[in-house]
Amino acid sequence: MLQDDEILIMMIMTSLMMLAMSSFFIYVVLRSQRKIRRKQLEMFNAVIDAQEQEQVRIARDLHDQIGPVLSIIRSQLDVIDDSGLDDIDKGIKKDVQEHLATAMNDVRSISHNLIPKTFSEYGFLKSLEYYIIRLKDFNKIQVILNCQYWPNNLGHTFEITLFRILQELFQNTCKHAHASEINLQILIDNDALTIKYSDNGVGLNKPISDNTGIGLKNIKSRTQLLGGEMVIESTQQSGFNVLFNFNLKRAYGTK
Amino acid sequence: MQICNLIAIIFGISNRKHFNHPMIKVFLSYLIFSEFIEIGLITLAEMGIKNHFLVNIFLLVTFSYMASIFFYNFVKKKYLFFIFWPLSKIILLNIINIFEFNKMLLISTNSLTILISGYLIIKESNNDSISISSNSFFWINSGMLIYFFSTLSILIMFNYITNPQHKIIFTYFKYFNFIITIFSNSLYIKGFLCCKTMKY
């Protein structure tokens, strides 16, 4: 028959061992998953970089090669004298001119969407304002932007990635949220950049943990890429709210 | 001391409006039920009353809850029968033995609960849509795993715990259970917090 002391020691040993084993198991899972995430992030970083470079190349090609060719076609069309044409030819010429104008506008618009026109000249904030004006025109949506100050030394990579995040959010709201108003607040306090984005739409229709949409995944990955943190709060009553926190010290390093 | 069992429940109830997944609500219901059974169990044991019925109920409810989560989330249709059959048999055996003290059955039920929670942890850690440290199910299942794995030894020594002659063993059980409960409750609270907002 075992004595009380022996049983007690046995119990203490086994229970503590089991507690340690289960904690170790959780620690190992947590650690290995963090490692995998870090590797995925590095890969995503490379993909984003390549994607941005490709977008720049396509935008430049569209702007510098297709654009001038279309302009030449337009000026050559303008040279054709209308007096020598019958009514049918005049109609065809007018149609071609109209299609050409549409094609030129489309090329410009695609090129500007790939790289915002104002980005290289005026930087992040002006590009954002320009984008919001266009968004208001095309989507009949009220956008309130509140940004008192934007530092001009954040680096191109940081700014363009942030711009893409906001672009994705705006597009999500316009496509899915049925919202009439978007509120965007950008606050900078010392080295901390806080961005609050909210709309008055229908919110996410399924749990955030189940949301595997490419748009949200892209936003999440880009945020991680900038070393930031993203907090989503979405209910059907309060629309979609997202908060970003970035440490600008890290952002300076992305220049 | 048993009040510590209620920490996670109080936290869960006060934050229930933020729960954005139906299974979190199911977990909260399970937690309320199981924690009250546990409080009752320890109080009765302290008074020297053996209550095998409550122990059986506690493990049966836990196992049924884990099995339902397992089915709800992960089992593919073609494997359904092969897994459903042994699990339902264990549940049935537990129901039949609800008033008996069948140590082997309790230990095997507890071990299977541990296995399922371990499987759920690994499965949740592969969820690409959310970072692991923000996954509420990961933390909840971790709490379950730690609690049930650590208390497996207690279950093995259950005869000694409920025997009034071995008072010192019951005292150790009480304090150890208290620490484990605080530990697992903290993980449940972390799970509830992650559910409130999803941090990426």
# chains A, B, ... in the order shown; residues from 1 in each chain; ligands from 1
$ interface_residues --of "chain B" --to "chain A" --cutoff "10 Å" --atoms "only C-alpha atoms" --output "MDAnalysis selection string"
chainID B and resid 17:22 114 118 121:122 125:139 141:143 145:154 156:157 160 165:170 172:173 176:177 180 194:200
$ write_last_selection --atoms "C-alpha atoms" --output "compact mmCIF listing (two decimals), in the first residue's frame"
# COMPACT_ATOMS: atom_id res chain seq x y z
CA LYS B 17 -21.97 41.05 -28.21
CA HIS B 18 -18.55 41.10 -29.88
CA PHE B 19 -18.55 37.38 -30.60
CA ASN B 20 -18.41 37.06 -34.35
CA HIS B 21 -18.42 33.29 -34.64
CA PRO B 22 -21.29 30.98 -33.60
CA ILE B 114 -6.91 15.82 -25.24
CA GLY B 118 -4.42 18.85 -29.86
CA ILE B 121 -4.80 23.37 -32.24
CA ILE B 122 -2.69 22.07 -35.13
CA SER B 125 -2.54 26.97 -36.58
CA ASN B 126 -2.74 26.29 -40.31
CA ASN B 127 -5.54 28.80 -40.79
CA ASP B 128 -4.03 31.18 -43.33
CA SER B 129 -6.62 33.91 -43.04
CA ILE B 130 -5.56 35.00 -39.57
CA SER B 131 -2.39 35.18 -37.55
CA ILE B 132 -2.11 32.40 -34.97
CA SER B 133 -1.75 34.73 -32.00
CA SER B 134 -5.05 36.39 -32.98
CA ASN B 135 -6.95 33.18 -33.50
CA SER B 136 -9.49 32.82 -30.70
CA PHE B 137 -9.98 29.09 -31.31
CA PHE B 138 -6.26 28.48 -30.95
CA TRP B 139 -6.25 30.03 -27.47
CA ASN B 141 -8.30 24.93 -27.51
CA SER B 142 -4.93 25.54 -25.87
CA GLY B 143 -6.75 26.26 -22.59
CA LEU B 145 -5.60 21.02 -23.77
CA ILE B 146 -3.65 22.37 -20.81
CA TYR B 147 -6.54 21.83 -18.42
CA PHE B 148 -7.41 18.29 -19.49
CA PHE B 149 -3.84 17.11 -19.97
CA SER B 150 -2.78 18.41 -16.57
CA THR B 151 -5.80 16.95 -14.82
CA LEU B 152 -5.33 13.51 -16.39
CA SER B 153 -3.02 12.56 -13.54
CA ILE B 154 -5.64 13.71 -11.06
CA ILE B 156 -5.77 8.52 -12.41
CA MET B 157 -5.45 9.20 -8.68
CA TYR B 160 -7.14 8.87 -3.38
CA GLN B 165 -8.11 9.40 4.74
CA HIS B 166 -5.82 11.09 2.22
CA LYS B 167 -6.65 14.70 3.06
CA ILE B 168 -3.25 16.02 2.02
CA ILE B 169 -3.75 14.68 -1.51
CA PHE B 170 -7.09 16.44 -1.76
CA TYR B 172 -2.80 19.34 -3.24
CA PHE B 173 -5.48 18.59 -5.85
CA PHE B 176 -3.17 22.44 -8.32
CA ASN B 177 -6.65 22.63 -9.82
CA ILE B 180 -4.57 25.16 -13.71
CA CYS B 194 -9.12 37.91 -29.97
CA CYS B 195 -12.72 37.40 -30.96
CA LYS B 196 -13.56 41.01 -30.14
CA THR B 197 -11.10 42.38 -32.64
CA MET B 198 -9.00 40.49 -35.12
CA LYS B 199 -5.47 41.78 -35.02
CA TYR B 200 -3.31 40.87 -38.00
$ select_by_dssp --residues "chain B" --states "helix (DSSP H, G or I)" --output "count of residues only"
163
$ residues_around --residues "Cys147 (chain A)" --least-positions-apart "5" --cutoff "12 Å" --atoms "only C-alpha atoms" --output "compact mmCIF listing (two decimals) with C-alpha atoms, in the first residue's frame"
# COMPACT_ATOMS: atom_id res chain seq x y z
CA PHE A 124 1.22 60.52 -51.15
CA LEU A 125 -1.25 63.04 -49.78
CA LYS A 126 -2.00 64.91 -53.02
CA LEU A 128 -4.81 60.44 -52.18
CA GLU A 129 -6.83 63.65 -52.50
CA ASN A 183 -14.35 58.48 -43.09
CA LEU A 184 -10.57 58.46 -43.27
CA GLN A 185 -8.44 59.89 -40.50
CA ILE A 186 -4.67 59.98 -40.68
CA LEU A 187 -2.90 60.94 -37.48
CA ILE A 188 0.81 61.28 -36.91
CA ASP A 189 2.16 61.51 -33.41
CA LEU A 193 1.16 56.73 -37.70
CA THR A 194 -2.48 55.85 -37.05
CA ILE A 195 -5.01 55.46 -39.81
CA LYS A 196 -8.69 55.07 -39.05
$ residues_around --residues "region 95-104 of chain B" --least-positions-apart "2" --cutoff "10 Å" --atoms "only C-alpha atoms" --output "list in words"
Asn51, His52, Phe53, Leu54, Val55, Asn56, Ile57, Leu60, Lys89, Ile90, Ile91, Leu92, Leu93, Leu106, Ile107, Ser108, Thr109, Asn110, Leu155, Ile156, Met157, Phe158 and Asn159 of chain B
$ closest_residue --among "A:Ala179, A:Val96, A:Leu162, A:Leu62" --to "Gln76 (chain A)" --atoms "only C-alpha atoms"
A:Val96
$ atom_distance --atom1 "CA of Ile140 (chain B)" --atom2 "CA of Ile37 (chain B)"
18.9 Å
$ atom_distance --atom1 "CA of Leu70 (chain A)" --atom2 "CA of Asp106 (chain A)"
11.4 Å
$ residues_around --residues "Arg164 (chain A)" --least-positions-apart "4" --cutoff "10 Å" --atoms "only C-alpha atoms" --output "PyMOL selection string"
chain A and resi 114+159-160+168-170+218-219+222
$ atom_distance --atom1 "CA of Ala192 (chain A)" --atom2 "CA of Trp150 (chain A)"
11.9 Å
$ decode --residues "region 114-151 of chain B" --atoms "N, CA and C atoms" --output "mmCIF file, in the first residue's frame"
data_model
loop_
_atom_site.group_PDB
_atom_site.id
_atom_site.type_symbol
_atom_site.label_atom_id
_atom_site.label_comp_id
_atom_site.auth_asym_id
_atom_site.auth_seq_id
_atom_site.Cartn_x
_atom_site.Cartn_y
_atom_site.Cartn_z
ATOM 1 N N ILE B 114 -8.230 15.209 -25.060
ATOM 2 C CA ILE B 114 -6.905 15.824 -25.236
ATOM 3 C C ILE B 114 -6.457 15.697 -26.689
ATOM 4 N N LEU B 115 -6.630 14.502 -27.246
ATOM 5 C CA LEU B 115 -6.220 14.275 -28.634
ATOM 6 C C LEU B 115 -6.969 15.205 -29.592
ATOM 7 N N ILE B 116 -8.286 15.324 -29.369
ATOM 8 C CA ILE B 116 -9.086 16.183 -30.255
ATOM 9 C C ILE B 116 -8.634 17.633 -30.116
ATOM 10 N N SER B 117 -8.424 18.087 -28.875
ATOM 11 C CA SER B 117 -8.020 19.500 -28.726
ATOM 12 C C SER B 117 -6.639 19.731 -29.334
ATOM 13 N N GLY B 118 -5.734 18.737 -29.217
ATOM 14 C CA GLY B 118 -4.422 18.854 -29.863
ATOM 15 C C GLY B 118 -4.552 18.937 -31.366
ATOM 16 N N TYR B 119 -5.445 18.103 -31.906
ATOM 17 C CA TYR B 119 -5.675 18.122 -33.352
ATOM 18 C C TYR B 119 -6.245 19.476 -33.783
ATOM 19 N N LEU B 120 -7.196 19.995 -32.992
ATOM 20 C CA LEU B 120 -7.819 21.286 -33.325
ATOM 21 C C LEU B 120 -6.777 22.416 -33.292
ATOM 22 N N ILE B 121 -5.846 22.337 -32.335
ATOM 23 C CA ILE B 121 -4.800 23.365 -32.238
ATOM 24 C C ILE B 121 -3.943 23.354 -33.501
ATOM 25 N N ILE B 122 -3.526 22.166 -33.920
ATOM 26 C CA ILE B 122 -2.685 22.071 -35.125
ATOM 27 C C ILE B 122 -3.470 22.537 -36.350
ATOM 28 N N LYS B 123 -4.722 22.159 -36.419
ATOM 29 C CA LYS B 123 -5.564 22.543 -37.558
ATOM 30 C C LYS B 123 -5.741 24.065 -37.596
ATOM 31 N N GLU B 124 -6.020 24.661 -36.421
ATOM 32 C CA GLU B 124 -6.225 26.111 -36.363
ATOM 33 C C GLU B 124 -4.944 26.879 -36.688
ATOM 34 N N SER B 125 -3.799 26.272 -36.316
ATOM 35 C CA SER B 125 -2.539 26.971 -36.578
ATOM 36 C C SER B 125 -2.244 27.049 -38.069
ATOM 37 N N ASN B 126 -2.930 26.234 -38.865
ATOM 38 C CA ASN B 126 -2.737 26.291 -40.313
ATOM 39 C C ASN B 126 -3.759 27.182 -41.010
ATOM 40 N N ASN B 127 -4.559 27.891 -40.207
ATOM 41 C CA ASN B 127 -5.537 28.802 -40.786
ATOM 42 C C ASN B 127 -4.811 30.035 -41.336
ATOM 43 N N ASP B 128 -4.809 30.129 -42.672
ATOM 44 C CA ASP B 128 -4.029 31.182 -43.333
ATOM 45 C C ASP B 128 -4.632 32.571 -43.206
ATOM 46 N N SER B 129 -5.959 32.604 -42.966
ATOM 47 C CA SER B 129 -6.621 33.905 -43.041
ATOM 48 C C SER B 129 -6.366 34.771 -41.812
ATOM 49 N N ILE B 130 -5.772 34.203 -40.793
ATOM 50 C CA ILE B 130 -5.563 34.999 -39.573
ATOM 51 C C ILE B 130 -4.288 34.560 -38.859
ATOM 52 N N SER B 131 -3.630 35.525 -38.242
ATOM 53 C CA SER B 131 -2.387 35.183 -37.549
ATOM 54 C C SER B 131 -2.709 34.321 -36.324
ATOM 55 N N ILE B 132 -1.826 33.400 -36.026
ATOM 56 C CA ILE B 132 -2.114 32.403 -34.972
ATOM 57 C C ILE B 132 -2.348 33.046 -33.601
ATOM 58 N N SER B 133 -1.591 34.106 -33.316
ATOM 59 C CA SER B 133 -1.755 34.732 -31.998
ATOM 60 C C SER B 133 -3.061 35.519 -31.897
ATOM 61 N N SER B 134 -3.763 35.693 -33.016
ATOM 62 C CA SER B 134 -5.052 36.393 -32.984
ATOM 63 C C SER B 134 -6.221 35.448 -33.204
ATOM 64 N N ASN B 135 -5.909 34.165 -33.239
ATOM 65 C CA ASN B 135 -6.954 33.185 -33.503
ATOM 66 C C ASN B 135 -7.588 32.730 -32.185
ATOM 67 N N SER B 136 -8.854 33.121 -31.979
ATOM 68 C CA SER B 136 -9.493 32.821 -30.695
ATOM 69 C C SER B 136 -9.606 31.318 -30.448
ATOM 70 N N PHE B 137 -9.842 30.537 -31.498
ATOM 71 C CA PHE B 137 -9.978 29.089 -31.313
ATOM 72 C C PHE B 137 -8.662 28.448 -30.879
ATOM 73 N N PHE B 138 -7.568 29.013 -31.354
ATOM 74 C CA PHE B 138 -6.263 28.481 -30.950
ATOM 75 C C PHE B 138 -6.097 28.614 -29.434
ATOM 76 N N TRP B 139 -6.433 29.791 -28.911
ATOM 77 C CA TRP B 139 -6.246 30.026 -27.466
ATOM 78 C C TRP B 139 -7.231 29.214 -26.634
ATOM 79 N N ILE B 140 -8.470 29.123 -27.118
ATOM 80 C CA ILE B 140 -9.480 28.362 -26.380
ATOM 81 C C ILE B 140 -9.086 26.881 -26.327
ATOM 82 N N ASN B 141 -8.696 26.338 -27.483
ATOM 83 C CA ASN B 141 -8.302 24.928 -27.509
ATOM 84 C C ASN B 141 -7.032 24.683 -26.698
ATOM 85 N N SER B 142 -6.142 25.678 -26.687
ATOM 86 C CA SER B 142 -4.935 25.543 -25.867
ATOM 87 C C SER B 142 -5.307 25.449 -24.389
ATOM 88 N N GLY B 143 -6.255 26.292 -23.968
ATOM 89 C CA GLY B 143 -6.751 26.260 -22.589
ATOM 90 C C GLY B 143 -7.327 24.903 -22.246
ATOM 91 N N MET B 144 -8.110 24.367 -23.183
ATOM 92 C CA MET B 144 -8.732 23.040 -22.974
ATOM 93 C C MET B 144 -7.647 21.968 -22.849
ATOM 94 N N LEU B 145 -6.669 22.043 -23.764
ATOM 95 C CA LEU B 145 -5.603 21.024 -23.770
ATOM 96 C C LEU B 145 -4.832 21.050 -22.452
ATOM 97 N N ILE B 146 -4.434 22.253 -22.048
ATOM 98 C CA ILE B 146 -3.655 22.368 -20.808
ATOM 99 C C ILE B 146 -4.465 21.851 -19.620
ATOM 100 N N TYR B 147 -5.731 22.236 -19.561
ATOM 101 C CA TYR B 147 -6.542 21.825 -18.417
ATOM 102 C C TYR B 147 -6.700 20.308 -18.373
ATOM 103 N N PHE B 148 -7.093 19.724 -19.512
ATOM 104 C CA PHE B 148 -7.412 18.293 -19.489
ATOM 105 C C PHE B 148 -6.160 17.414 -19.443
ATOM 106 N N PHE B 149 -5.077 17.888 -20.023
ATOM 107 C CA PHE B 149 -3.837 17.109 -19.974
ATOM 108 C C PHE B 149 -3.271 17.122 -18.554
ATOM 109 N N SER B 150 -3.335 18.303 -17.927
ATOM 110 C CA SER B 150 -2.777 18.405 -16.571
ATOM 111 C C SER B 150 -3.625 17.659 -15.560
ATOM 112 N N THR B 151 -4.928 17.602 -15.806
ATOM 113 C CA THR B 151 -5.795 16.946 -14.821
ATOM 114 C C THR B 151 -5.941 15.446 -15.073
#
